[in-house]
Each structure stands twice: as structure tokens, then as C-alpha cells.
Amino acid sequence: AKSRLAGVNAVVVVNEPLRKFVGASLLPRSVVVKRVSSYARENGCVDEANKGKIVLDKKMKAVFGDKVASMTYLEIGKLIGPMVVRAKDAGGDWAAKAEKGAKELEAMLPPPKEKKARGEGAAAGAKKGAKRDTSKMKEEGRGIYRPLELSKELGAVCGEKVLSRPEIVKAVWGYIKKNNLQSKKIPRGVVCDAKMKKVFGNVDVIDSFQLAKHISNHVTPVAK
């Protein structure tokens with residue numbers, strides 16, 4: 001099968017200070033962009049008045065410089081440019097490392113879209129073009145807004161027994177910030193106190209990218 005590690009997904013060597021921020025030295029370029037944008041969303045860096053705008057916090061400024069006060073999602077790719085280089089052009093043994101780890105690197109990419117059968121294109125286009133009525137979904141408790149029952153342990157962190165997934169994520173981050181649990185030494189690191197350890201594993205520090213995975217183990221859909 002043809003490798004998907006090309007174009008925007010090409011494997012790049014990540015240099016400092018971006019390397020420490022994304023937690024790896026070798027990644028598909030698109031994954032680097034995704035980790036930066038995910039950090040922004042999960043750490044409250046998205047401008048409430050303009051959802052397409054990211055306001056840099058101290059950790060992000062340490063990577064992109066104090067002169068960069070904000071960026072759009074589309075600008076992330078441009079701003080990481082000086083800190084990444086294609087593995088095949090990086091010299092040393094980077095190209096060999098990229099080839100050796102190709103399977104693991106490709107597994108980081110989202111699943112490829114299935115080719116649609118002839119005749120499905122128009123219907124799919126119309127469906128894609130229709131705006132999702134998120135306010136109605138929220139009102140009716142559908143999709144990601146479906147109410148979930150929290151485990152006793154997660155409830156202790158969130159302060160509620162039933163919440164939707166977006167509300168859970170917001171509550172967890174509210175708890176983290178209220179209790180100053182963001183690591184000052186580890187980028188994306190969250191320090192786990194006694195309550196957090198019961199939900200996110202018996203670890204002292206957890207990568208913020210892993211929070212969602214553990215949350216899923218502590219919720220069950222509320223029966224209609």
C-alpha cells in the first residue's frame with residue numbers, strides 16, 4: 001500500500017523549543033500542527049470572541065516568541081516552519097529513523113476517508129455543506145451533548161454527577177486551573193493530586209493529551 005507519509009503528512013524532525021512542546025523529535029507534520037492546536041483548545045487559549053484565533057500563553061510564547069501574541073489555526077503551519085525539517089533532508093540518520101518508524105508514525109494519522117460509490121457524491125456534498133445545528137443538539141441532548149453519568153471518582157473532580165462530554169472536559173480543566181495543577185516543568189503536563197489520581201491513573205504527572213482517554217473509562221450514557 002502507498003505510504004500516507006507525504007505532503008502535509010511528511011515526517012519531519014522537530015527542533016527545539018518546539019520539540020519539547022510537542023513531546024517528540026520525529027512526527028508527521030500534520031500531527032505537529034494538531035498537537036499545537038490541541039494544546040490551545042485544552043488550555044483555554046482560544047479567543048472566546050473569535051474561535052478561530054489563538055491567544056498565546058506563556059508556554060506557547062516560549063516556543064513562538066514574545067512578539068507573537070496571537071495566531072489563527074491556519075497560521076500554525078507557517079509558524080512551525082523554522083522549527084521543523086523533512087527527515088529526508090535533515091541529514092544524519094533521521095531518514096533511516098523515519099523509515100524504521102514509518103508504521104508507528106502513520107498510525108498517528110486519522111483513518112483515510114473511504115472512497116464513495118458513484119452517485120453518492122452529490123448527496124454527500126449536500127450533507128457536508130449543511131450546517132450542523134449544534135444549539136439544537138445541545139438542547140435535545142444528542143451527539144456529544146448526550147448526558148453522561150460520571151463515576152464517583154470523576155464526579156469528585158467535576159463536582160457533578162451528570163454532564164455532557166464538553167461539560168466534563170471544561171469542568172476537569174476548571175479543576176486543574178483552580179488548583180494550579182499545570183506542570184511548570186513539563187509542557188502539556190498536568191500534576192495529579194489525590195482526586196485526579198483516582199481518575200487518571202496512579203501517576204504524578206499525566207500528558208494533557210491523555211485526559212480524554214481516561215475520562216471515557218469513567219462515564220456511562222444516561223438511560224433515556
# chains A, B, ... in the order shown; residues from 1 in each chain; ligands from 1

call {"tool": "select_by_dssp", "arguments": {"residues": "region 12-212 of chain A", "states": "strand (DSSP E)", "output": "PyMOL selection string"}}
result
chain A and resi 12-14+26-28+53-55+70-72+84-86+148-150+162-163+189-191+205-207

call {"tool": "residues_around", "arguments": {"residues": "region 46-62 of chain A", "least_positions_apart": "4", "cutoff": "6 Å", "atoms": "only C-alpha atoms", "output": "PDB file with C-alpha atoms, in the first residue's frame"}}
result
ATOM      1  CA  ARG A  41      -8.030  24.299  22.897  1.00  0.00           C
ATOM      2  CA  ASP A  66       7.072  37.041  22.795  1.00  0.00           C
ATOM      3  CA  ALA A  69       0.716  37.485  20.753  1.00  0.00           C
ATOM      4  CA  SER A  70      -1.844  35.517  18.750  1.00  0.00           C
ATOM      5  CA  MET A  71      -2.274  33.308  15.701  1.00  0.00           C
ATOM      6  CA  THR A  72      -5.010  31.654  13.683  1.00  0.00           C
TER       7      THR A  72
END

call {"tool": "residues_around", "arguments": {"residues": "Gly7 (chain A)", "least_positions_apart": "2", "cutoff": "12 Å", "atoms": "only C-alpha atoms", "output": "ChimeraX atom specification"}}
result
/A:3-5,9-12,28-30,86

call {"tool": "residues_around", "arguments": {"residues": "Asn180 (chain A)", "least_positions_apart": "4", "cutoff": "10 Å", "atoms": "only C-alpha atoms", "output": "ChimeraX atom specification"}}
result
/A:174-176,184,190-191

call {"tool": "write_last_selection", "arguments": {"atoms": "C-alpha atoms", "output": "compact mmCIF listing (two decimals), in the first residue's frame"}}
result
# COMPACT_ATOMS: atom_id res chain seq x y z
CA GLY A 174 -11.53 24.19 35.62
CA TYR A 175 -10.39 21.92 38.48
CA ILE A 176 -6.83 21.80 37.09
CA LYS A 184 5.71 24.28 35.30
CA VAL A 190 -0.82 18.02 34.45
CA VAL A 191 0.10 17.25 38.05

call {"tool": "closest_residue", "arguments": {"among": "A:Ser164, A:Gln182, A:Asn43, A:Ser25", "to": "Ile144 (chain A)", "atoms": "only C-alpha atoms"}}
result
A:Ser164

call {"tool": "residues_around", "arguments": {"residues": "Pro166 (chain A)", "least_positions_apart": "5", "cutoff": "10 Å", "atoms": "only C-alpha atoms", "output": "number ranges by chain"}}
result
A: 144-146, 171

call {"tool": "write_last_selection", "arguments": {"atoms": "C-alpha atoms", "output": "PDB file, in the first residue's frame"}}
result
ATOM      1  CA  ILE A 144     -21.549  14.926  22.095  1.00  0.00           C
ATOM      2  CA  TYR A 145     -24.129  16.716  24.235  1.00  0.00           C
ATOM      3  CA  ARG A 146     -25.742  13.473  25.377  1.00  0.00           C
ATOM      4  CA  ALA A 171     -15.004  21.004  34.454  1.00  0.00           C
TER       5      ALA A 171
END

call {"tool": "closest_residue", "arguments": {"among": "A:Leu79, A:Leu154, A:Trp173, A:Ala90", "to": "Val199 (chain A)", "atoms": "only C-alpha atoms"}}
result
A:Leu154

call {"tool": "select_by_dssp", "arguments": {"residues": "region 20-201 of chain A", "states": "helix (DSSP H, G or I)", "output": "PyMOL selection string"}}
result
chain A and resi 20-22+29-42+58-64+73-83+87-89+94-100+102-107+121-129+134-140+143-145+152-158+165-178+194-200

call {"tool": "closest_residue", "arguments": {"among": "A:Leu163, A:Ile80, A:Val22, A:Leu150", "to": "Asn217 (chain A)", "atoms": "only C-alpha atoms"}}
result
A:Leu150

call {"tool": "atom_distance", "arguments": {"atom1": "CA of Asn202 (chain A)", "atom2": "CA of His214 (chain A)"}}
result
11.8 Å

call {"tool": "residues_around", "arguments": {"residues": "Pro17 (chain A)", "least_positions_apart": "2", "cutoff": "9 Å", "atoms": "only C-alpha atoms", "output": "PyMOL selection string"}}
result
chain A and resi 14-15+19-21+62-64+83

call {"tool": "residues_around", "arguments": {"residues": "Ser38 (chain A)", "least_positions_apart": "6", "cutoff": "12 Å", "atoms": "only C-alpha atoms", "output": "list in words"}}
result
Phe21, Val22, Val31, Val32, Gly44, Cys45, Val46, Ile54, Tyr73, Ile76, Arg188, Asp207, Ser208, Phe209, Gln210, Leu211 and Ala212 of chain A

call {"tool": "write_last_selection", "arguments": {"atoms": "C-alpha atoms", "output": "mmCIF file, in the first residue's frame"}}
result
data_model
loop_
_atom_site.group_PDB
_atom_site.id
_atom_site.type_symbol
_atom_site.label_atom_id
_atom_site.label_comp_id
_atom_site.auth_asym_id
_atom_site.auth_seq_id
_atom_site.Cartn_x
_atom_site.Cartn_y
_atom_site.Cartn_z
ATOM 1 C CA PHE A 21 6.415 21.362 23.499
ATOM 2 C CA VAL A 22 5.019 18.563 21.276
ATOM 3 C CA VAL A 31 0.499 15.788 13.841
ATOM 4 C CA VAL A 32 2.799 18.607 14.984
ATOM 5 C CA GLY A 44 -8.105 27.915 27.260
ATOM 6 C CA CYS A 45 -6.028 29.755 24.649
ATOM 7 C CA VAL A 46 -8.874 30.098 22.133
ATOM 8 C CA ILE A 54 -5.452 31.543 19.463
ATOM 9 C CA TYR A 73 -5.227 27.893 13.194
ATOM 10 C CA ILE A 76 0.257 27.333 12.862
ATOM 11 C CA ARG A 188 1.338 19.744 28.454
ATOM 12 C CA ASP A 207 0.121 14.319 29.464
ATOM 13 C CA SER A 208 -2.910 16.535 28.831
ATOM 14 C CA PHE A 209 -3.456 14.717 25.517
ATOM 15 C CA GLN A 210 -4.272 11.565 27.549
ATOM 16 C CA LEU A 211 -7.052 13.083 29.673
ATOM 17 C CA ALA A 212 -9.891 12.298 27.244
#
